[in-house]
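> Sharing upload-v3.csv (CSV, C-alpha atoms and all ligand atoms) below.
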chain,number,residue,atom,x,y,z
D,16,MET,CA,0.0,0.0,0.0
D,17,SER,CA,1.2,3.4,-0.8
D,18,ILE,CA,2.3,6.0,1.7
D,19,THR,CA,0.8,9.4,1.7
D,20,ILE,CA,3.0,12.4,1.0
D,21,HIS,CA,1.3,15.3,2.8
D,22,ASP,CA,0.9,18.7,1.1
D,23,ASP,CA,1.1,22.0,2.8
D,24,VAL,CA,-2.5,22.2,3.7
D,25,ALA,CA,-2.3,18.8,5.3
D,26,LEU,CA,0.9,19.7,7.1
D,27,THR,CA,-0.8,22.7,8.7
D,28,ALA,CA,-3.6,20.4,10.0
D,29,LEU,CA,-1.1,17.8,11.2
D,30,ARG,CA,0.8,20.4,13.1
D,31,ARG,CA,-2.3,21.6,14.9
D,32,ALA,CA,-3.5,18.1,15.7
D,33,GLY,CA,-0.1,17.2,17.0
D,34,ALA,CA,0.2,20.3,19.2
D,35,ALA,CA,-3.3,19.7,20.6
D,36,ALA,CA,-2.5,16.1,21.5
D,37,ALA,CA,0.8,17.2,23.1
D,38,ARG,CA,-0.9,19.9,25.2
D,39,THR,CA,-3.4,17.3,26.5
D,40,LEU,CA,-0.7,14.8,27.4
D,41,ALA,CA,1.4,17.5,29.2
D,42,MET,CA,-1.7,18.5,31.2
D,43,VAL,CA,-2.2,14.9,32.2
D,44,GLY,CA,1.4,14.7,33.3
D,45,THR,CA,0.9,17.5,35.8
D,46,ARG,CA,-2.0,15.7,37.5
D,47,ILE,CA,-0.7,12.1,37.8
D,48,ARG,CA,-0.3,11.2,41.5
D,49,PRO,CA,-1.2,8.4,43.9
D,50,GLY,CA,-5.0,8.0,44.4
D,51,VAL,CA,-5.9,9.0,40.8
D,52,THR,CA,-7.9,6.3,38.9
D,53,THR,CA,-7.2,5.6,35.3
D,54,ALA,CA,-10.9,6.5,34.6
D,55,GLN,CA,-10.1,10.0,35.9
D,56,ILE,CA,-7.2,10.2,33.5
D,57,GLU,CA,-9.5,9.2,30.7
D,58,ALA,CA,-12.0,11.9,31.6
D,59,TRP,CA,-9.2,14.5,31.6
D,60,VAL,CA,-8.1,13.5,28.2
D,61,ARG,CA,-11.6,13.4,26.8
D,62,GLU,CA,-12.6,16.8,28.2
D,63,ASP,CA,-9.3,18.6,27.3
D,64,THR,CA,-9.4,17.2,23.7
D,65,ILE,CA,-12.9,18.4,23.2
D,66,ARG,CA,-12.2,21.7,24.9
D,67,GLN,CA,-9.5,22.3,22.2
D,68,GLY,CA,-12.0,21.7,19.5
D,69,GLY,CA,-10.8,18.2,18.8
D,70,TRP,CA,-12.1,14.7,19.1
D,71,PRO,CA,-10.3,11.7,20.9
D,72,SER,CA,-9.6,9.4,17.9
D,73,GLN,CA,-9.3,6.3,20.1
D,74,LEU,CA,-12.9,6.5,21.5
D,75,GLY,CA,-14.9,3.9,19.6
D,76,TYR,CA,-11.9,3.0,17.4
D,77,GLN,CA,-12.6,-0.6,16.4
D,78,GLY,CA,-14.8,-0.6,19.4
D,79,PHE,CA,-12.2,0.7,21.9
D,80,PRO,CA,-14.4,1.9,24.8
D,81,ALA,CA,-12.4,5.0,26.0
D,82,ALA,CA,-10.8,8.3,24.9
D,83,ALA,CA,-7.3,7.2,26.0
D,84,CYS,CA,-5.2,4.1,26.7
D,85,THR,CA,-3.9,3.8,30.2
D,86,SER,CA,-1.2,1.1,30.6
D,87,ARG,CA,0.1,0.5,34.1
D,88,ASN,CA,3.2,-1.4,35.2
D,89,HIS,CA,3.2,-4.8,33.3
D,90,VAL,CA,0.6,-3.6,30.8
D,91,VAL,CA,2.4,-3.0,27.5
D,92,CYS,CA,-0.3,-1.0,25.7
D,93,HIS,CA,-4.0,-0.6,25.0
D,94,GLY,CA,-4.9,-0.7,28.7
D,95,ILE,CA,-8.6,0.2,29.2
D,96,PRO,CA,-9.2,2.9,31.8
D,97,SER,CA,-11.2,1.8,34.9
D,98,ALA,CA,-12.7,3.4,37.9
D,99,ASN,CA,-11.5,0.4,39.9
D,100,GLU,CA,-7.8,1.0,38.9
D,101,MET,CA,-6.1,3.4,41.3
D,102,LEU,CA,-2.6,4.6,40.9
D,103,GLU,CA,-0.3,3.6,43.8
D,104,PRO,CA,3.1,5.0,44.8
D,105,GLY,CA,5.9,3.4,42.7
D,106,ASP,CA,3.6,2.6,39.7
D,107,ILE,CA,4.4,3.6,36.2
D,108,VAL,CA,1.6,4.5,33.8
D,109,ASN,CA,1.6,5.2,30.1
D,110,VAL,CA,-1.1,7.5,28.8
D,111,ASP,CA,-1.7,7.5,25.1
D,112,VAL,CA,-3.5,10.5,23.6
D,113,THR,CA,-4.7,10.7,20.0
D,114,THR,CA,-6.5,13.9,18.9
D,115,CYS,CA,-8.4,14.4,15.6
D,116,LEU,CA,-8.6,18.1,14.7
D,117,ASP,CA,-9.9,19.3,11.3
D,118,GLY,CA,-9.8,15.8,10.0
D,119,TYR,CA,-6.1,15.0,10.8
D,120,HIS,CA,-4.7,13.0,13.7
D,121,GLY,CA,-1.9,13.6,16.2
D,122,ASP,CA,-0.8,10.6,18.4
D,123,THR,CA,1.5,10.8,21.4
D,124,SER,CA,2.1,9.0,24.6
D,125,ALA,CA,4.4,9.1,27.7
D,126,THR,CA,5.1,6.9,30.7
D,127,PHE,CA,4.8,8.7,34.0
D,128,PHE,CA,6.0,7.9,37.5
D,129,VAL,CA,3.5,7.8,40.3
D,130,GLY,CA,5.3,9.0,43.4
D,131,GLU,CA,9.0,7.9,43.7
D,132,PRO,CA,10.1,5.2,41.2
D,133,GLY,CA,12.1,2.1,42.1
D,134,PRO,CA,15.3,1.3,40.2
D,135,ASP,CA,13.6,-1.1,37.8
D,136,ALA,CA,11.0,1.5,36.9
D,137,LEU,CA,13.5,4.3,36.5
D,138,HIS,CA,15.6,2.2,34.2
D,139,VAL,CA,12.9,0.9,31.8
D,140,VAL,CA,11.2,4.3,31.5
D,141,GLU,CA,14.4,6.1,30.7
D,142,VAL,CA,15.5,3.4,28.2
D,143,ALA,CA,12.0,3.6,26.5
D,144,ARG,CA,12.3,7.4,26.1
D,145,ARG,CA,15.9,7.1,24.7
D,146,CYS,CA,14.8,4.3,22.3
D,147,ARG,CA,12.1,6.5,20.9
D,148,ASP,CA,14.5,9.3,20.5
D,149,ALA,CA,17.2,7.0,18.9
D,150,GLY,CA,14.6,5.9,16.4
D,151,ILE,CA,13.6,9.5,15.6
D,152,ALA,CA,17.3,10.4,15.2
D,153,THR,CA,17.6,8.1,12.1
D,154,VAL,CA,14.7,9.7,10.3
D,155,ARG,CA,15.3,11.8,7.2
D,156,ASP,CA,14.5,11.8,3.5
D,157,GLY,CA,16.2,8.7,2.1
D,158,ALA,CA,16.6,6.7,5.3
D,159,ARG,CA,14.9,3.4,5.6
D,160,LEU,CA,12.3,1.9,7.9
D,161,GLY,CA,14.8,-0.7,9.1
D,162,ASP,CA,17.2,2.0,10.3
D,163,ILE,CA,14.6,3.1,12.8
D,164,GLY,CA,14.0,-0.4,14.2
D,165,HIS,CA,17.7,-1.2,14.2
D,166,ALA,CA,18.6,1.8,16.3
D,167,ILE,CA,15.8,1.1,18.8
D,168,GLU,CA,16.6,-2.5,19.2
D,169,ARG,CA,20.4,-2.0,19.6
D,170,LEU,CA,19.9,0.6,22.3
D,171,ALA,CA,17.3,-1.5,24.2
D,172,ARG,CA,19.5,-4.6,24.2
D,173,SER,CA,22.6,-2.7,25.3
D,174,GLU,CA,20.6,-1.6,28.3
D,175,GLY,CA,19.4,-5.1,29.1
D,176,CYS,CA,15.8,-4.5,27.9
D,177,GLN,CA,13.8,-6.1,25.1
D,178,VAL,CA,11.6,-4.6,22.3
D,179,VAL,CA,8.0,-5.8,21.8
D,180,ARG,CA,7.7,-7.1,18.3
D,181,GLU,CA,3.9,-7.7,17.9
D,182,LEU,CA,3.0,-4.0,17.7
D,183,GLY,CA,4.6,-1.0,16.0
D,184,GLY,CA,4.3,2.6,14.9
D,185,HIS,CA,2.3,3.7,11.8
D,186,GLY,CA,1.7,6.2,9.2
D,187,ILE,CA,-0.8,8.9,10.2
D,188,GLY,CA,-2.9,11.6,8.5
D,189,ARG,CA,-6.6,11.5,7.8
D,190,SER,CA,-6.7,8.2,9.7
D,191,MET,CA,-5.0,7.4,13.0
D,192,HIS,CA,-3.4,4.2,11.5
D,193,MET,CA,-2.1,4.3,7.9
D,194,PRO,CA,0.7,2.6,6.0
D,195,PRO,CA,3.5,2.0,6.7
D,196,HIS,CA,3.9,-0.3,9.7
D,197,VAL,CA,6.9,1.0,11.7
D,198,ALA,CA,8.6,-1.9,13.3
D,199,HIS,CA,10.7,-1.1,16.4
D,200,HIS,CA,13.2,-3.9,15.5
D,201,GLY,CA,14.9,-4.6,12.2
D,202,ARG,CA,18.0,-4.4,10.1
D,203,ALA,CA,19.7,-1.1,9.1
D,204,GLY,CA,19.6,-0.5,5.4
D,205,THR,CA,16.5,-2.5,4.8
D,206,GLY,CA,12.8,-1.7,4.3
D,207,THR,CA,10.8,1.1,2.7
D,208,ARG,CA,12.6,4.3,2.0
D,209,LEU,CA,11.3,7.4,3.9
D,210,ARG,CA,10.5,10.5,1.9
D,211,ALA,CA,10.0,14.1,2.9
D,212,GLY,CA,6.3,14.7,3.5
D,213,MET,CA,5.5,11.3,5.1
D,214,ALA,CA,4.1,11.5,8.6
D,215,LEU,CA,4.5,8.6,11.0
D,216,THR,CA,4.7,7.6,14.6
D,217,ILE,CA,7.6,6.0,16.5
D,218,GLU,CA,6.3,4.4,19.7
D,219,PRO,CA,8.6,1.6,21.0
D,220,MET,CA,7.3,-0.6,23.8
D,221,ILE,CA,10.3,-1.6,25.9
D,222,ASN,CA,10.2,-4.5,28.4
D,223,ALA,CA,12.4,-4.8,31.5
D,224,GLY,CA,12.3,-8.6,31.1
D,225,GLY,CA,11.6,-10.8,28.1
D,226,ALA,CA,10.1,-9.5,24.8
D,227,ALA,CA,7.1,-11.9,24.9
D,228,VAL,CA,3.6,-10.5,25.4
D,229,ARG,CA,0.1,-11.9,26.0
D,230,PHE,CA,-3.2,-10.5,24.7
D,231,LEU,CA,-5.9,-10.5,27.4
D,232,SER,CA,-9.5,-11.7,26.7
D,233,ASP,CA,-10.9,-8.2,26.9
D,234,GLY,CA,-9.8,-7.9,23.3
D,235,TRP,CA,-7.4,-5.0,24.0
D,236,THR,CA,-5.0,-5.2,26.9
D,237,VAL,CA,-1.5,-6.3,26.1
D,238,VAL,CA,0.7,-7.4,29.0
D,239,THR,CA,4.2,-8.8,29.4
D,240,ALA,CA,4.3,-12.6,29.5
D,241,ASP,CA,6.7,-12.5,32.5
D,242,GLY,CA,4.8,-9.9,34.5
D,243,ARG,CA,7.7,-7.5,34.5
D,244,LEU,CA,7.5,-3.8,33.7
D,245,SER,CA,7.0,-2.3,30.2
D,246,ALA,CA,7.3,1.4,29.2
D,247,GLN,CA,6.5,3.3,26.1
D,248,PHE,CA,6.9,6.8,24.6
D,249,GLU,CA,5.3,8.0,21.3
D,250,HIS,CA,5.7,10.9,19.0
D,251,THR,CA,4.1,11.8,15.7
D,252,LEU,CA,6.7,13.2,13.3
D,253,LEU,CA,7.1,14.5,9.8
D,254,VAL,CA,9.9,13.3,7.6
D,255,THR,CA,11.9,16.2,6.2
D,256,ARG,CA,14.9,16.6,3.9
D,257,ALA,CA,17.2,17.2,6.9
D,258,GLY,CA,15.6,15.0,9.5
D,259,ALA,CA,12.4,14.9,11.4
D,260,GLU,CA,9.9,17.5,12.6
D,261,ILE,CA,8.3,16.4,15.8
D,262,LEU,CA,4.6,17.2,15.5
D,263,THR,CA,3.8,16.3,19.1
D,264,ALA,CA,6.6,18.1,20.8
D,265,PRO,CA,5.6,19.1,24.4
D,266,PRO,CA,4.5,22.7,24.8
D,267,ALA,CA,7.3,25.1,25.8
Q,1,LIG,N1,-2.9,5.6,20.0
Q,1,LIG,C1,-2.6,4.2,19.8
Q,1,LIG,C2,-1.4,4.1,19.0
Q,1,LIG,O1,-0.4,4.6,19.4
Q,1,LIG,C3,-3.8,3.5,19.2
Q,1,LIG,C4,-4.5,2.6,20.2
Q,1,LIG,S1,-5.9,1.9,19.4
Q,1,LIG,C5,-7.1,2.0,20.6
Q,1,LIG,O2,-1.4,3.7,17.9
Q,1,LIG,F1,-8.1,1.6,20.0
Q,1,LIG,F2,-6.7,1.2,21.6
Q,1,LIG,F3,-7.2,3.2,21.1
Q,2,CO,CO,0.4,5.4,17.5
Q,3,CO,CO,-0.8,6.4,20.4
In structure tokens, write the structure found in this file.

Amino acid sequence: MSITIHDDVALTALRRAGAAAARTLAMVGTRIRPGVTTAQIEAWVREDTIRQGGWPSQLGYQGFPAAACTSRNHVVCHGIPSANEMLEPGDIVNVDVTTCLDGYHGDTSATFFVGEPGPDALHVVEVARRCRDAGIATVRDGARLGDIGHAIERLARSEGCQVVRELGGHGIGRSMHMPPHVAHHGRAGTGTRLRAGMALTIEPMINAGGAAVRFLSDGWTVVTADGRLSAQFEHTLLVTRAGAEILTAPPA
């Protein structure tokens, strides 16, 4: 399937959608603390997205029942917010925000500490952030998809962590998920060539233990097979001649 090259009109919309998603995620980050439920986080995301004139793309997406994914501790991704799930000191929680504004989507997530992190949490969260940024650093017109995955996997392994292989990043535009699939593992110099004007996400899921995951019977929640921690960071970016423009950069 072909990959969209976005024109200037589309780029303006992608920038606005990305900035809105980034603002919502930053707001959530200031409110995370012990005693908050993941349902409260979901309400913050839903209300702030709508307040900005957007719509939470994840709500109802293939039947997903919430405006945000909230993925705590050994949950890798696609955690469903719940009023029965309360954040406790020492937890980590990823919040994934996708905003549709004027028909274009911006998709971003971060993993937050709840109270003071233990050493395992500190390590896997920092490695996940660095892996995302190492992937982004390979992006430019003419680079290849395998370059992204290779950089992420090499860094994760050098830090004693493992990359989840079953899920990846994606192209983005008028739909949240578009071609190409962006694997977070791979071989440098292989795969589709990136071209200026493509928009995609890089969102590595990094496990403190083994790479294996399980899919729960709720149809959504993905967890680590060994029960150890998993962390994730996501940006939406635009491929440029010189590198990448991060469309979901946090507000200054
Ligand atoms: N925002 C998620 C991503 O990064 C999409 C989750 S699909 C949902 O691609 F249905 F679970 F919301
Ligand atoms: Co995404
Ligand atoms: Co996302």
> Got a sec: who's within 6 Å of stretch 201-211 of chain D, counting all atoms listed in the file, leaving out chain neighbours fewer than 3 positions off, as a list of chain:residue names?
D:Asp156, D:Gly157, D:Ala158, D:Arg159, D:Leu160, D:Gly161, D:Asp162, D:Gly164, D:His165, D:Val254, D:Thr255, D:Arg256
> Quick one: distance from atom CA of D:Ile163 to atom CA of D:Ala83 in Å, one decimal?
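For atom CA of D:Ile163 relative to atom CA of D:Ala83, the distance reads 25.9 Å.
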> Could the residues that lie within 7 Å of ligand CO 3 (chain Q), counting only C-alpha atoms and all ligand atoms, be listed as a short mmCIF file (atom, residue, chain, number, x, y, z; two decimals) with C-alpha atoms, keeping the file's coordinate frame?

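Final output, saved to out.cif:
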data_model
loop_
_atom_site.label_atom_id
_atom_site.label_comp_id
_atom_site.auth_asym_id
_atom_site.auth_seq_id
_atom_site.Cartn_x
_atom_site.Cartn_y
_atom_site.Cartn_z
CA ASP D 111 -1.70 7.50 25.10
CA VAL D 112 -3.50 10.50 23.60
CA THR D 113 -4.70 10.70 20.00
CA ASP D 122 -0.80 10.60 18.40
CA THR D 123 1.50 10.80 21.40
CA SER D 124 2.10 9.00 24.60
CA GLU D 249 5.30 8.00 21.30
#
> Atom CA of D:Met16 to atom C3 of ligand LIG 1 (chain Q): how many Å, to one decimal?
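Result for atom CA of D:Met16 versus atom C3 of ligand LIG 1 (chain Q): 19.9 Å, one decimal.
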> Return as a count of residues only the residues of protein, DNA or RNA that approach ligand LIG 1 (chain Q) to within 9 Å, with all atoms listed in the file taken into account.
37
> For each of D:Gly69, D:Pro219, D:Gly150, D:Gly175, take the minimum atom-to-atom distance to ligand CO 2 (chain Q), counting only C-alpha atoms and all ligand atoms, then give the residue where this is smallest.
D:Pro219
> Closest to D:Glu174 among D:Arg144, D:His138, D:Arg243, D:Arg61, using all atoms listed in the file?
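Checking each candidate against D:Glu174, we get D:His138 as the closest.
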> List the neighbours of D:Ser190 out to 7 Å using all atoms listed in the file; skip same-chain residues closer than 2 positions along the sequence, and give me the result as a JSON list (two decimals) with C-alpha atoms, keeping the file's coordinate frame.

[["chain", "number", "residue", "atom", "x", "y", "z"],
["D", 119, "TYR", "CA", -6.10, 15.00, 10.80],
["D", 120, "HIS", "CA", -4.70, 13.00, 13.70],
["D", 187, "ILE", "CA", -0.80, 8.90, 10.20],
["D", 188, "GLY", "CA", -2.90, 11.60, 8.50],
["D", 192, "HIS", "CA", -3.40, 4.20, 11.50],
["D", 193, "MET", "CA", -2.10, 4.30, 7.90]]
> May I have the residues within 12 Å of D:Arg145 as a list in words, using all atoms listed in the file and disregarding those fewer than 3 positions away in the same chain?
His138, Val139, Val140, Glu141, Val142, Asp148, Ala149, Gly150, Ile151, Ala152, Ala166, Ile167, Glu168, Arg169, Leu170, Ala171, Ser173, Glu174, Ile217, Glu218, Pro219, Met220, Ile221, Ala246, Gln247, Phe248 and Glu249 of chain D
> For the selection just defined, write its residues with C-alpha atoms to a file, as a PDB file, in the coordinates of the input.

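Writing the result to part28.pdb gives the following:
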ATOM      1  CA  HIS D 138      15.600   2.200  34.200  1.00  0.00           C
ATOM      2  CA  VAL D 139      12.900   0.900  31.800  1.00  0.00           C
ATOM      3  CA  VAL D 140      11.200   4.300  31.500  1.00  0.00           C
ATOM      4  CA  GLU D 141      14.400   6.100  30.700  1.00  0.00           C
ATOM      5  CA  VAL D 142      15.500   3.400  28.200  1.00  0.00           C
ATOM      6  CA  ASP D 148      14.500   9.300  20.500  1.00  0.00           C
ATOM      7  CA  ALA D 149      17.200   7.000  18.900  1.00  0.00           C
ATOM      8  CA  GLY D 150      14.600   5.900  16.400  1.00  0.00           C
ATOM      9  CA  ILE D 151      13.600   9.500  15.600  1.00  0.00           C
ATOM     10  CA  ALA D 152      17.300  10.400  15.200  1.00  0.00           C
ATOM     11  CA  ALA D 166      18.600   1.800  16.300  1.00  0.00           C
ATOM     12  CA  ILE D 167      15.800   1.100  18.800  1.00  0.00           C
ATOM     13  CA  GLU D 168      16.600  -2.500  19.200  1.00  0.00           C
ATOM     14  CA  ARG D 169      20.400  -2.000  19.600  1.00  0.00           C
ATOM     15  CA  LEU D 170      19.900   0.600  22.300  1.00  0.00           C
ATOM     16  CA  ALA D 171      17.300  -1.500  24.200  1.00  0.00           C
ATOM     17  CA  SER D 173      22.600  -2.700  25.300  1.00  0.00           C
ATOM     18  CA  GLU D 174      20.600  -1.600  28.300  1.00  0.00           C
ATOM     19  CA  ILE D 217       7.600   6.000  16.500  1.00  0.00           C
ATOM     20  CA  GLU D 218       6.300   4.400  19.700  1.00  0.00           C
ATOM     21  CA  PRO D 219       8.600   1.600  21.000  1.00  0.00           C
ATOM     22  CA  MET D 220       7.300  -0.600  23.800  1.00  0.00           C
ATOM     23  CA  ILE D 221      10.300  -1.600  25.900  1.00  0.00           C
ATOM     24  CA  ALA D 246       7.300   1.400  29.200  1.00  0.00           C
ATOM     25  CA  GLN D 247       6.500   3.300  26.100  1.00  0.00           C
ATOM     26  CA  PHE D 248       6.900   6.800  24.600  1.00  0.00           C
ATOM     27  CA  GLU D 249       5.300   8.000  21.300  1.00  0.00           C
TER      28      GLU D 249
END
